[in-house]
Amino acid sequence: MLGIVLAALNLRTAVTSVGPLLDHLAAGLGMSSAGTGLLTTLPVLAFASVGAITPALARRVGEHRLLLLALVTLGAGLLVRSMVGSAPVFLLSSAVALSGGAVGNVLIPTLIKRHFPANTGIMTTVYTTALAAGTMLAAAATVPIERASGDWHVALGVWAALAAVAAIPWLALLRSEPERDTGGRDASLRGLVRSKLAWMIAIYFGTQSMIAYIMFGWLATILTDAGYTTSEAGLVLGVFTALSIPVSILVPVIASRYRDQRPAVAGLVAFYAVGFLGLWFAPPSTAMVWVVFVAVGMGSFPLALMMLALRTRTPEATAALSAFGQSAGYLISSVGPLLVGVLREATGGWAVPYVLIFAVLVAQLVTGLYAGRNRYLEDERAAARMAG
């Protein structure tokens with residue numbers, strides 16, 4: 001449990017430590033606008049590509065060894081990028097660090113299924129809470145560290161130390177490496193391409209990630225366009241981010257009490273809908289209220305992670321579904337923020353982007369209602385083989 005918590009704290013530090021210092025980094029490294037665009041796109045590319053090959057790596061290396069290697073890779077990438085003055089090397093080392101995080105994204109749900117099969121909901125709560133806390137910590141603490149040290153290199157380098165600490169429990173766990181299953185048909189990524197359940201979970205994961213990326217990327221702009229100052233918008237965004245921690249605690253606890261997660265899916269989409277309708281039509285002065293509704297709707301993220309384990313019977317199937325769902329999901333989500341920006345610029349307002357958001361919510365509801373029903377990936381695959 002300690003190993004999972006410490007690893008989860010590190011999975012987003014490579015992402016959220018960069019955003020607050022992006023202008024400093026661009027100036028200090030002489031990074032072009034294309035370079036900064038690539039830097040902000042790297043997380044999605046790494047999570048999708050490296051995540052897809054993680055189950056195969058785990059079968060070859062072992063789950064405990066691979067997570068230790070991922071944390072070492074994450075820490076090494078963070079350390080190197082904090083020491084360089086070259087934009088290309090910074091981008092390359094960032095890609096290395098994000099690759100370590102991508103492996104952790106897929107492996108931790110698998111380890112939860114393997115080591116805590118009877119307590120999947122509780123451990124998903126622990127995992128997503130630690131993930132949210134690490135995300136917020138890196139976003140909130142990087143700038144104060146930079147101001148105290150007077151050097152952005154130091155502000156980015158401290159997160160490599162956190163990765164080193166996280167590796168310690170996995171060094172101790174190397175002797176208890178789980179026995180490896182070298183590839184049943186149910187654990188095949190290729191086999192999931194024809195699975196309706198796998199695609200429903202992937203699209204559900206992708207739609208919730210798309211909403212999250214849109215909110216983190218555009219909420220401040222929505223508010224400033226409505227008349228908020230940048231400091232006021234920053235405060236609202238901070239509250240929105242902070243709410244992810246209690247939401248990450250409550251949603252898995254509630255949803256795991258039932259075999260059927262469809263009521264949770266529908267309830268979270270309802271919170272989203274109320275929040276976005278309020279942001280769209282209500283007076284701007286009430287924005288904080290509607291942002292709280294949207295933040296509760298963001299509980300779809302821990303719910304999607306929980307489904308990866310709840311819809312499978314074995315750790316191997318969990319690994320395959322986690323890789324497939326997250327890789328396809330992150331690719332789906334990557335178009336959201338860009339499309340919102342294009343639509344806003346083309347129309348000069350937020351009406352069409354809000355229409356897009358509600359279309360995404362419809363897709364989230366439809367796929368979530370299918371994925372939330374009490375069923376298992378292995379049963380679907382077995383039925384398909386019998387029918388064939």
# chains A, B, ... in the order shown; residues from 1 in each chain; ligands from 1
>>> residues_around(residues="Phe90 (chain A)", least_positions_apart="2", cutoff="12 Å", atoms="only C-alpha atoms", output="VMD selection string")
chain A and resid 14 18 25 to 26 28 to 31 35 to 36 38 to 39 42 77 to 88 92 to 97 153 156
>>> select_by_dssp(residues="region 212-333 of chain A", states="alpha helix (DSSP H)", output="ChimeraX atom specification")
/A:212-225,230-242,244-255,262-281,287-297,300-310,315-333
>>> closest_residue(among="A:Val265, A:Asn105, A:Val296, A:Ile4", to="Leu173 (chain A)", atoms="only C-alpha atoms")
A:Ile4
>>> atom_distance(atom1="CA of Leu9 (chain A)", atom2="CA of Ala133 (chain A)")
6.6 Å
>>> closest_residue(among="A:Tyr213, A:Thr347, A:Tyr354, A:Trp218", to="Gly278 (chain A)", atoms="only C-alpha atoms")
A:Tyr354
>>> atom_distance(atom1="CA of Thr224 (chain A)", atom2="CA of Gly37 (chain A)")
22.2 Å
>>> residues_around(residues="Trp350 (chain A)", least_positions_apart="5", cutoff="9 Å", atoms="only C-alpha atoms", output="list in words")
Ile222, Trp280, Val340, Leu343, Arg344 and Val355 of chain A
>>> closest_residue(among="A:Ile254, A:Val72, A:Val89, A:Met307", to="Asn374 (chain A)", atoms="only C-alpha atoms")
A:Met307
>>> closest_residue(among="A:Val5, A:Glu177, A:Arg381, A:Ser285", to="Val193 (chain A)", atoms="only C-alpha atoms")
A:Arg381
>>> atom_distance(atom1="CA of Arg373 (chain A)", atom2="CA of Ser300 (chain A)")
15.1 Å
>>> closest_residue(among="A:Ala323, A:Leu356, A:Leu192, A:Ala70", to="Ala384 (chain A)", atoms="only C-alpha atoms")
A:Leu192
>>> closest_atom_pairs(of="region 40-118 of chain A", to="region 203-211 of chain A", cutoff="12 Å", atoms="only C-alpha atoms", output="CSV")
residue,atom,partner,partner_atom,distance
A:Val44,CA,A:Ser209,CA,10.2
A:Phe47,CA,A:Ser209,CA,12.0
A:Ala48,CA,A:Gly206,CA,10.9
>>> write_last_selection(atoms="C-alpha atoms", output="PDB file, in the first residue's frame")
ATOM      1  CA  VAL A  44      -0.874  12.570 -23.885  1.00  0.00           C
ATOM      2  CA  PHE A  47       0.489   8.029 -21.835  1.00  0.00           C
ATOM      3  CA  ALA A  48      -1.031   6.649 -25.045  1.00  0.00           C
TER       4      ALA A  48
END
>>> closest_residue(among="A:Met136, A:Val360, A:Ala58, A:Leu339", to="Thr110 (chain A)", atoms="only C-alpha atoms")
A:Ala58
>>> residues_around(residues="Thr16 (chain A)", least_positions_apart="3", cutoff="10 Å", atoms="only C-alpha atoms", output="ChimeraX atom specification")
/A:11-13,19-21,134-140,142
